[in-house]
Each structure stands twice: as C-alpha cells, then as structure tokens.
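In what follows, a single structure is set out as structure tokens and then discussed.
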Amino acid sequence: MNNVKKEKRPVIGVPGWKLGENSFGAGVNHLDFIRRFGNPRILFPQDDDVDLDLLYLPGGPDLAPWAYGQIPGFRTGNPDLFRQHFYDVVLPKYMKKGTPIFGVCLGFQMLNVAAGGTLTQDLIYHAQSKDRWQKGHDAYIVGMNRKQGKIEVNSHHHQAVTYKDMSKEFDMLAYADNEEDPENCIVEAFLHKTLPIGGVQWHPEEWRDPFAMDMIRSLLENQKK
C-alpha cells in the first residue's frame with residue numbers, strides 16, 4: 001500500500017465566461033497554463049468569495065469605460081457580461097481580503113482600474129503579433145530584482161495602461177515604447193506596492209515566458225508566508 005502523501009497543490013481560481021451557446025468555463029490555454037502552478041478552479045457568477053491561493057484574471061474583450069470614468073470611444077468594444085460582473089462585484093472582495101492576484105491583458109487592465117487607474121481606449125499604431133504565439137515587440141525590464149534589460153513578448157490588445165494611466169498603487173516592472181506618445185510609455189508589467197497583486201499586458205498562457213512565470217511563483221510564495 002502506498003503511504004506517500006501527495007503534496008497539496010495551490011488552488012488557482014479563474015473567472016468563467018460563456019464559451020459558446022451552451023457552454024461555460026475557461027479556455028484550455030489558460031487552464032493548461034494555470035496547471036503549471038496549481039489546480040485550476042473555475043469561478044461561477046454565484047461564487048461570492050472562494051478561498052484561493054491565487055486569483056488568475058484572464059484576457060478578454062474591453063473593460064466598460066464607465067468603470068474608469070470615461071465615455072466609450074468609437075473603437076471600444078462591448079464588455080463581456082460575465083467578466084464585467086466579476087470586475088464590478090467580486091474582484092474588490094478578493095482585493096480587500098488580500099488574496100494574491102495575477103492579471104493578464106484585460107485582467108491586468110482590470111487591476112489597474114480597480115486600484116484607481118485609468119486606460120487608454122485605443123492605440124492605433126501599437127505593434128501586434130500576427131499569431132497568438134508570435135512576438136509582437138520588446139518589453140524593457142525596470143524592476144522585480146532584475147538587471148535592466150529587455151524581453152520579447154506577444155501582443156494582442158488595442159487598449160492599454162500607459163504610464164500616465166497607471167495607478168499610483170503600482171510599481172512598473174516593464175514597459176514598451178508608445179509610438180503615439182513617446183514620452184508616455186505603455187506599461188507591460190506592474191506589481192502592487194503593498195499587496196500581493198501584479199500582472200502583465202501580454203499573454204503568457206501562449207508565450208510561456210520566464211518573467212511572467214516568476215511573477216506567479218512569487219505571488220504564490222507570498223501566500224505561504
């Protein structure tokens with residue numbers, strides 16, 4: 001009889017959304033990525049406050065502009081009903097509770113707005129990846145105990161957190177050039193100054209870069225303390 005105890009893996013929650021007319025859940029790319037760090041737990045609209053080791057906020061359609069005090073721009077798309085509900089109703093509870101949170105793309109933008117920041121609704125000239133797994137541009141590292149340098153990232157967004165948009169509660173960890181406003185860079189990664197909250201603008205679930213994965217591991221280590 002095998003008496004070896006299995007190590008308890010962290011529980012990582014991800015808000016679910018409609019995947020089709022008769023399905024609800026989360027994309028396989030996100031679930032496969034999350035499984036590297038713990039056991040995924042899909043969060044349903046009825047889930048008010050689940051005990052998690054990490055909350056993972058995925059990408060998605062545009063965040064509703066009224067969430068950050070702006071009127072909709074002509075190129076701003078409709079928000080996802082379920083992800084917008086999570087932002088409006090549920091996310092503040094996890095932030096208040098001190099749950100470690102990692103945001104990707106839309107999730108990254110959500111965190112910035114939830115902390116009092118804003119967004120630039122459309123970047124016409126920002127570099128994009130031709131395919132989900134291909135390089136979009138370079139990001140320049142400025143923090144997280146690393147020597148200043150650059151990394152390659154993918155890019156699938158037309159909205160952004162620029163330096164002027166970034167909440168004062170965050171420290172910028174990486175940035176990208178802003179072709180439309182060179183004096184106001186695009187924030188590509190940040191970390192909260194006092195809470196275990198951070199994120200990236202690119203898509204590590206498709207890029208699998210060490211920088212983003214180190215951030216997630218660091219947030220999980222914070223939870224163990």
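Here's how to read the names in the structure tokens: chain A, B, ... by the order shown, residue numbers from 1 in each chain, ligand numbers from 1 in the order shown.
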>> Using DSSP secondary structure from the backbone, list all strand (DSSP E) positions within chain A, as a PyMOL selection string.
In response: chain A and resi 11-15+17-20+23-25+39-43+54-57+101-104+137-141+149-153+170-176+186-192+197-200
>> At a cut-off of 9 Å, using only C-alpha atoms, what residues contact region 77-92 of chain A? Leave out same-chain residues fewer than 4 positions from it and give the result as a list in words.
In response: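 Here the qualifying residues turn out to be Pro15, Gly16, Trp17, Lys18, Phe44, Pro45, Asp47, Asp48, Asp49, Gly60, Pro61, Asp62, Leu63, Ala64, Ala67, Pro72, Gly73, Lys96, Lys97, Gly107, Met110, Leu111 and Ala114 of chain A.
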> Hey, what's within 8 Å of Asp177 (chain A) if we count only C-alpha atoms and toss same-chain stuff fewer than 4 positions away? As a list in words, please?
Replying inline: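 The contact residues come out as Ala139, Pro182, Cys185 and Ile186 of chain A.
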>> I'd like to know which residues of region 22-218 of chain A are helix (DSSP H, G or I) (by DSSP, run on the backbone); could you write them as number ranges by chain?
In response: A: 28-34, 65-68, 81-97, 106-114, 204-207, 210-218
How would the residues just picked look written out with C-alpha atoms as a PDB file, in the first residue's frame?
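As a result, result.pdb now contains:
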```
ATOM      1  CA  VAL A  28      -7.934  25.387 -22.401  1.00  0.00           C
ATOM      2  CA  ASN A  29      -4.885  27.601 -22.959  1.00  0.00           C
ATOM      3  CA  HIS A  30      -5.493  29.330 -19.617  1.00  0.00           C
ATOM      4  CA  LEU A  31      -6.278  26.102 -17.735  1.00  0.00           C
ATOM      5  CA  ASP A  32      -3.183  24.372 -19.120  1.00  0.00           C
ATOM      6  CA  PHE A  33      -1.037  27.348 -18.101  1.00  0.00           C
ATOM      7  CA  ILE A  34      -2.527  27.515 -14.599  1.00  0.00           C
ATOM      8  CA  PRO A  65     -15.200  52.629 -19.961  1.00  0.00           C
ATOM      9  CA  TRP A  66     -17.550  53.923 -17.264  1.00  0.00           C
ATOM     10  CA  ALA A  67     -15.602  51.742 -14.807  1.00  0.00           C
ATOM     11  CA  TYR A  68     -12.779  54.296 -15.052  1.00  0.00           C
ATOM     12  CA  LEU A  81     -21.075  40.217 -19.362  1.00  0.00           C
ATOM     13  CA  PHE A  82     -19.541  37.673 -17.004  1.00  0.00           C
ATOM     14  CA  ARG A  83     -16.077  39.212 -16.762  1.00  0.00           C
ATOM     15  CA  GLN A  84     -17.564  42.667 -16.260  1.00  0.00           C
ATOM     16  CA  HIS A  85     -19.744  41.282 -13.442  1.00  0.00           C
ATOM     17  CA  PHE A  86     -16.652  39.782 -11.851  1.00  0.00           C
ATOM     18  CA  TYR A  87     -14.838  43.115 -12.039  1.00  0.00           C
ATOM     19  CA  ASP A  88     -17.771  45.151 -10.722  1.00  0.00           C
ATOM     20  CA  VAL A  89     -18.948  42.841  -7.931  1.00  0.00           C
ATOM     21  CA  VAL A  90     -16.441  40.143  -6.998  1.00  0.00           C
ATOM     22  CA  LEU A  91     -12.890  41.389  -7.624  1.00  0.00           C
ATOM     23  CA  PRO A  92     -12.995  44.084  -4.905  1.00  0.00           C
ATOM     24  CA  LYS A  93     -13.735  41.373  -2.319  1.00  0.00           C
ATOM     25  CA  TYR A  94     -10.633  39.392  -3.236  1.00  0.00           C
ATOM     26  CA  MET A  95      -8.501  42.540  -3.208  1.00  0.00           C
ATOM     27  CA  LYS A  96      -9.829  43.552   0.218  1.00  0.00           C
ATOM     28  CA  LYS A  97      -9.213  40.035   1.516  1.00  0.00           C
ATOM     29  CA  LEU A 106      -7.783  42.534 -19.719  1.00  0.00           C
ATOM     30  CA  GLY A 107      -7.151  41.174 -16.208  1.00  0.00           C
ATOM     31  CA  PHE A 108      -4.072  43.397 -15.958  1.00  0.00           C
ATOM     32  CA  GLN A 109      -6.148  46.397 -17.039  1.00  0.00           C
ATOM     33  CA  MET A 110      -8.901  45.462 -14.569  1.00  0.00           C
ATOM     34  CA  LEU A 111      -6.418  45.533 -11.694  1.00  0.00           C
ATOM     35  CA  ASN A 112      -5.172  48.963 -12.680  1.00  0.00           C
ATOM     36  CA  VAL A 113      -8.699  50.393 -12.820  1.00  0.00           C
ATOM     37  CA  ALA A 114      -9.692  48.678  -9.564  1.00  0.00           C
ATOM     38  CA  PRO A 204       1.988  34.242 -21.004  1.00  0.00           C
ATOM     39  CA  GLU A 205      -0.570  31.437 -21.436  1.00  0.00           C
ATOM     40  CA  GLU A 206       0.538  31.449 -25.080  1.00  0.00           C
ATOM     41  CA  TRP A 207       4.071  32.831 -24.719  1.00  0.00           C
ATOM     42  CA  PRO A 210      10.091  33.109 -17.512  1.00  0.00           C
ATOM     43  CA  PHE A 211       9.351  36.691 -16.422  1.00  0.00           C
ATOM     44  CA  ALA A 212       5.586  36.176 -16.022  1.00  0.00           C
ATOM     45  CA  MET A 213       6.018  32.706 -14.551  1.00  0.00           C
ATOM     46  CA  ASP A 214       8.448  34.064 -11.954  1.00  0.00           C
ATOM     47  CA  MET A 215       5.840  36.671 -11.011  1.00  0.00           C
ATOM     48  CA  ILE A 216       3.210  33.976 -10.425  1.00  0.00           C
ATOM     49  CA  ARG A 217       5.591  31.862  -8.351  1.00  0.00           C
ATOM     50  CA  SER A 218       6.499  34.917  -6.280  1.00  0.00           C
TER      51      SER A 218
END
```
>> Given only C-alpha atoms as the basis, pick out the residue of A:Arg9, A:His156, A:His203, A:His192 nearest to Leu219 (chain A).
In response: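 Of all the options, A:His192 lies closest to Leu219 (chain A).
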>> List as a PyMOL selection string the protein and nucleic acid residues near Thr162 (chain A), meaning an atom at most 10 Å away when only C-alpha atoms are counted, but skip any in the same chain fewer than 6 places from it.
In response: chain A and resi 117-120+175-178+181+184-188
Could those residues be written to a file, using all heavy atoms, as an mmCIF file, in the first residue's frame?
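The result, stored in part_24.cif:
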```
data_model
loop_
_atom_site.group_PDB
_atom_site.id
_atom_site.type_symbol
_atom_site.label_atom_id
_atom_site.label_comp_id
_atom_site.auth_asym_id
_atom_site.auth_seq_id
_atom_site.Cartn_x
_atom_site.Cartn_y
_atom_site.Cartn_z
ATOM 1 N N GLY A 117 -6.653 53.532 -11.270
ATOM 2 C CA GLY A 117 -6.053 53.992 -12.509
ATOM 3 C C GLY A 117 -7.066 54.094 -13.634
ATOM 4 O O GLY A 117 -8.261 53.849 -13.446
ATOM 5 N N THR A 118 -6.601 54.431 -14.817
ATOM 6 C CA THR A 118 -7.461 54.535 -15.989
ATOM 7 C C THR A 118 -6.844 53.749 -17.141
ATOM 8 O O THR A 118 -5.813 53.079 -16.969
ATOM 9 C CB THR A 118 -7.654 56.006 -16.417
ATOM 10 O OG1 THR A 118 -6.366 56.586 -16.708
ATOM 11 C CG2 THR A 118 -8.318 56.813 -15.317
ATOM 12 N N LEU A 119 -7.452 53.843 -18.325
ATOM 13 C CA LEU A 119 -6.936 53.173 -19.512
ATOM 14 C C LEU A 119 -6.915 54.133 -20.691
ATOM 15 O O LEU A 119 -7.709 55.074 -20.753
ATOM 16 C CB LEU A 119 -7.818 51.965 -19.892
ATOM 17 C CG LEU A 119 -7.959 50.829 -18.894
ATOM 18 C CD1 LEU A 119 -8.898 49.768 -19.470
ATOM 19 C CD2 LEU A 119 -6.616 50.229 -18.543
ATOM 20 N N THR A 120 -6.028 53.864 -21.625
ATOM 21 C CA THR A 120 -6.093 54.486 -22.942
ATOM 22 C C THR A 120 -6.931 53.560 -23.813
ATOM 23 O O THR A 120 -6.580 52.383 -23.982
ATOM 24 C CB THR A 120 -4.688 54.674 -23.535
ATOM 25 O OG1 THR A 120 -3.969 55.613 -22.716
ATOM 26 C CG2 THR A 120 -4.764 55.196 -24.955
ATOM 27 N N TYR A 175 8.074 47.957 -19.495
ATOM 28 C CA TYR A 175 7.320 48.874 -20.346
ATOM 29 C C TYR A 175 7.662 48.626 -21.807
ATOM 30 O O TYR A 175 8.645 47.962 -22.143
ATOM 31 C CB TYR A 175 7.623 50.334 -19.976
ATOM 32 C CG TYR A 175 9.013 50.793 -20.347
ATOM 33 C CD1 TYR A 175 9.273 51.407 -21.573
ATOM 34 C CD2 TYR A 175 10.083 50.607 -19.475
ATOM 35 C CE1 TYR A 175 10.551 51.821 -21.918
ATOM 36 C CE2 TYR A 175 11.366 51.012 -19.810
ATOM 37 C CZ TYR A 175 11.591 51.616 -21.040
ATOM 38 O OH TYR A 175 12.857 52.013 -21.375
ATOM 39 N N ALA A 176 6.821 49.178 -22.699
ATOM 40 C CA ALA A 176 7.056 49.125 -24.139
ATOM 41 C C ALA A 176 6.977 50.531 -24.698
ATOM 42 O O ALA A 176 6.346 51.420 -24.105
ATOM 43 C CB ALA A 176 6.030 48.223 -24.821
ATOM 44 N N ASP A 177 7.608 50.730 -25.834
ATOM 45 C CA ASP A 177 7.553 52.034 -26.491
ATOM 46 C C ASP A 177 6.127 52.344 -26.936
ATOM 47 O O ASP A 177 5.384 51.458 -27.363
ATOM 48 C CB ASP A 177 8.477 52.056 -27.707
ATOM 49 C CG ASP A 177 9.944 51.963 -27.314
ATOM 50 O OD1 ASP A 177 10.296 52.436 -26.222
ATOM 51 O OD2 ASP A 177 10.733 51.416 -28.115
ATOM 52 N N ASN A 178 5.764 53.600 -26.830
ATOM 53 C CA ASN A 178 4.464 54.079 -27.273
ATOM 54 C C ASN A 178 4.673 54.950 -28.505
ATOM 55 O O ASN A 178 5.107 56.104 -28.397
ATOM 56 C CB ASN A 178 3.779 54.864 -26.140
ATOM 57 C CG ASN A 178 2.377 55.305 -26.488
ATOM 58 O OD1 ASN A 178 1.929 55.170 -27.619
ATOM 59 N ND2 ASN A 178 1.676 55.838 -25.498
ATOM 60 N N ASP A 181 2.849 58.341 -28.431
ATOM 61 C CA ASP A 181 3.225 59.323 -27.407
ATOM 62 C C ASP A 181 4.535 58.851 -26.765
ATOM 63 O O ASP A 181 4.522 58.232 -25.698
ATOM 64 C CB ASP A 181 2.110 59.447 -26.366
ATOM 65 C CG ASP A 181 2.374 60.541 -25.339
ATOM 66 O OD1 ASP A 181 3.430 61.209 -25.432
ATOM 67 O OD2 ASP A 181 1.530 60.730 -24.441
ATOM 68 N N ASN A 184 5.211 58.905 -23.038
ATOM 69 C CA ASN A 184 4.255 58.227 -22.161
ATOM 70 C C ASN A 184 4.239 56.744 -22.528
ATOM 71 O O ASN A 184 3.416 56.286 -23.314
ATOM 72 C CB ASN A 184 2.861 58.851 -22.329
ATOM 73 C CG ASN A 184 1.827 58.246 -21.407
ATOM 74 O OD1 ASN A 184 2.137 57.780 -20.314
ATOM 75 N ND2 ASN A 184 0.572 58.244 -21.846
ATOM 76 N N CYS A 185 5.147 55.973 -21.948
ATOM 77 C CA CYS A 185 5.338 54.580 -22.333
ATOM 78 C C CYS A 185 4.119 53.724 -21.987
ATOM 79 O O CYS A 185 3.258 54.104 -21.182
ATOM 80 C CB CYS A 185 6.588 54.008 -21.666
ATOM 81 S SG CYS A 185 6.493 53.922 -19.873
ATOM 82 N N ILE A 186 4.047 52.543 -22.591
ATOM 83 C CA ILE A 186 2.993 51.570 -22.316
ATOM 84 C C ILE A 186 3.480 50.638 -21.210
ATOM 85 O O ILE A 186 4.544 50.026 -21.327
ATOM 86 C CB ILE A 186 2.656 50.762 -23.577
ATOM 87 C CG1 ILE A 186 2.103 51.696 -24.664
ATOM 88 C CG2 ILE A 186 1.647 49.664 -23.265
ATOM 89 C CD1 ILE A 186 2.007 51.042 -26.016
ATOM 90 N N VAL A 187 2.731 50.539 -20.133
ATOM 91 C CA VAL A 187 3.107 49.672 -19.014
ATOM 92 C C VAL A 187 2.815 48.226 -19.409
ATOM 93 O O VAL A 187 1.681 47.879 -19.754
ATOM 94 C CB VAL A 187 2.334 50.050 -17.738
ATOM 95 C CG1 VAL A 187 2.769 49.147 -16.578
ATOM 96 C CG2 VAL A 187 2.564 51.518 -17.392
ATOM 97 N N GLU A 188 3.827 47.383 -19.353
ATOM 98 C CA GLU A 188 3.684 45.981 -19.740
ATOM 99 C C GLU A 188 3.618 45.037 -18.541
ATOM 100 O O GLU A 188 3.139 43.905 -18.665
ATOM 101 C CB GLU A 188 4.846 45.574 -20.651
ATOM 102 C CG GLU A 188 4.781 46.189 -22.037
ATOM 103 C CD GLU A 188 3.700 45.567 -22.914
ATOM 104 O OE1 GLU A 188 3.429 44.355 -22.760
ATOM 105 O OE2 GLU A 188 3.132 46.285 -23.766
#
```
> Nearest to Pro100 (chain A): which of A:Leu173, A:Val200, A:Leu43, A:Leu54 is it, counting only C-alpha atoms?
Replying inline: A:Leu54
> Pick from A:Gly27, A:Gly20, A:Gly13, A:Gly69: nearest to Ile42 (chain A), with only C-alpha atoms counted?
Replying inline: A:Gly13
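Residue neighbourhood of His158 (chain A), excluding near-sequence residues (fewer than 4 positions): Asp62, Arg75, Thr76, Thr120, Gln121, Asp122, Leu123, Ile124, Tyr125, His126, Ala127 and Gln128 of chain A, at 10 Å, using only C-alpha atoms.
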Store the residues picked out above, limited to all heavy atoms, as a short mmCIF file (atom, residue, chain, number, x, y, z; two decimals), in the first residue's frame.
```cif
data_model
loop_
_atom_site.label_atom_id
_atom_site.label_comp_id
_atom_site.auth_asym_id
_atom_site.auth_seq_id
_atom_site.Cartn_x
_atom_site.Cartn_y
_atom_site.Cartn_z
N ASP A 62 -13.02 44.33 -24.17
CA ASP A 62 -12.71 45.59 -23.49
C ASP A 62 -13.47 45.74 -22.17
O ASP A 62 -14.61 45.29 -22.04
CB ASP A 62 -13.06 46.78 -24.39
CG ASP A 62 -12.21 46.82 -25.64
OD1 ASP A 62 -11.11 46.25 -25.63
OD2 ASP A 62 -12.65 47.43 -26.63
N ARG A 75 -13.80 53.03 -31.01
CA ARG A 75 -13.18 51.73 -31.26
C ARG A 75 -13.24 50.81 -30.04
O ARG A 75 -12.67 49.72 -30.06
CB ARG A 75 -11.72 51.92 -31.71
CG ARG A 75 -11.59 52.57 -33.07
CD ARG A 75 -10.14 52.64 -33.52
NE ARG A 75 -10.00 53.14 -34.88
CZ ARG A 75 -9.93 54.42 -35.21
NH1 ARG A 75 -9.99 55.35 -34.25
NH2 ARG A 75 -9.80 54.80 -36.47
N THR A 76 -13.91 51.23 -28.99
CA THR A 76 -14.04 50.38 -27.80
C THR A 76 -15.19 49.40 -27.98
O THR A 76 -16.31 49.80 -28.31
CB THR A 76 -14.27 51.24 -26.54
OG1 THR A 76 -13.12 52.06 -26.33
CG2 THR A 76 -14.50 50.37 -25.32
N THR A 120 -6.03 53.86 -21.63
CA THR A 120 -6.09 54.49 -22.94
C THR A 120 -6.93 53.56 -23.81
O THR A 120 -6.58 52.38 -23.98
CB THR A 120 -4.69 54.67 -23.54
OG1 THR A 120 -3.97 55.61 -22.72
CG2 THR A 120 -4.76 55.20 -24.95
N GLN A 121 -8.03 54.06 -24.37
CA GLN A 121 -9.01 53.18 -25.00
C GLN A 121 -8.59 52.61 -26.35
O GLN A 121 -9.08 51.56 -26.76
CB GLN A 121 -10.35 53.90 -25.15
CG GLN A 121 -11.08 54.11 -23.83
CD GLN A 121 -12.52 54.53 -24.03
OE1 GLN A 121 -13.26 53.94 -24.81
NE2 GLN A 121 -12.93 55.55 -23.31
N ASP A 122 -7.68 53.26 -27.04
CA ASP A 122 -7.27 52.72 -28.34
C ASP A 122 -5.89 53.23 -28.72
O ASP A 122 -5.60 54.41 -28.64
CB ASP A 122 -8.28 53.11 -29.42
CG ASP A 122 -8.00 52.43 -30.74
OD1 ASP A 122 -7.97 51.18 -30.76
OD2 ASP A 122 -7.80 53.12 -31.74
N LEU A 123 -5.03 52.27 -29.11
CA LEU A 123 -3.70 52.58 -29.62
C LEU A 123 -3.63 52.11 -31.06
O LEU A 123 -3.56 50.91 -31.34
CB LEU A 123 -2.62 51.87 -28.79
CG LEU A 123 -2.47 52.31 -27.33
CD1 LEU A 123 -1.51 51.36 -26.62
CD2 LEU A 123 -1.95 53.73 -27.25
N ILE A 124 -3.67 53.04 -31.98
CA ILE A 124 -3.75 52.68 -33.39
C ILE A 124 -2.46 52.03 -33.90
O ILE A 124 -2.49 51.08 -34.68
CB ILE A 124 -4.09 53.93 -34.25
CG1 ILE A 124 -5.43 54.50 -33.82
CG2 ILE A 124 -4.10 53.58 -35.73
CD1 ILE A 124 -5.77 55.82 -34.50
N TYR A 125 -1.31 52.52 -33.43
CA TYR A 125 -0.04 52.11 -34.03
C TYR A 125 0.75 51.09 -33.19
O TYR A 125 1.86 50.74 -33.57
CB TYR A 125 0.84 53.34 -34.27
CG TYR A 125 0.19 54.35 -35.18
CD1 TYR A 125 -0.27 55.57 -34.68
CD2 TYR A 125 0.01 54.09 -36.53
CE1 TYR A 125 -0.87 56.50 -35.50
CE2 TYR A 125 -0.60 55.01 -37.38
CZ TYR A 125 -1.04 56.22 -36.85
OH TYR A 125 -1.64 57.13 -37.67
N HIS A 126 0.17 50.61 -32.10
CA HIS A 126 0.92 49.68 -31.25
C HIS A 126 1.12 48.34 -31.97
O HIS A 126 0.19 47.80 -32.57
CB HIS A 126 0.18 49.48 -29.94
CG HIS A 126 0.94 48.65 -28.95
ND1 HIS A 126 2.22 48.99 -28.55
CD2 HIS A 126 0.62 47.52 -28.30
CE1 HIS A 126 2.63 48.09 -27.68
NE2 HIS A 126 1.69 47.18 -27.52
N ALA A 127 2.34 47.81 -31.88
CA ALA A 127 2.68 46.56 -32.57
C ALA A 127 1.85 45.39 -32.05
O ALA A 127 1.62 45.25 -30.85
CB ALA A 127 4.17 46.26 -32.38
N GLN A 128 1.40 44.54 -32.98
CA GLN A 128 0.61 43.37 -32.64
C GLN A 128 1.28 42.11 -33.19
O GLN A 128 1.99 42.15 -34.20
CB GLN A 128 -0.80 43.49 -33.24
CG GLN A 128 -1.58 44.71 -32.78
CD GLN A 128 -1.96 44.64 -31.31
OE1 GLN A 128 -2.40 43.61 -30.82
NE2 GLN A 128 -1.75 45.74 -30.60
#
```
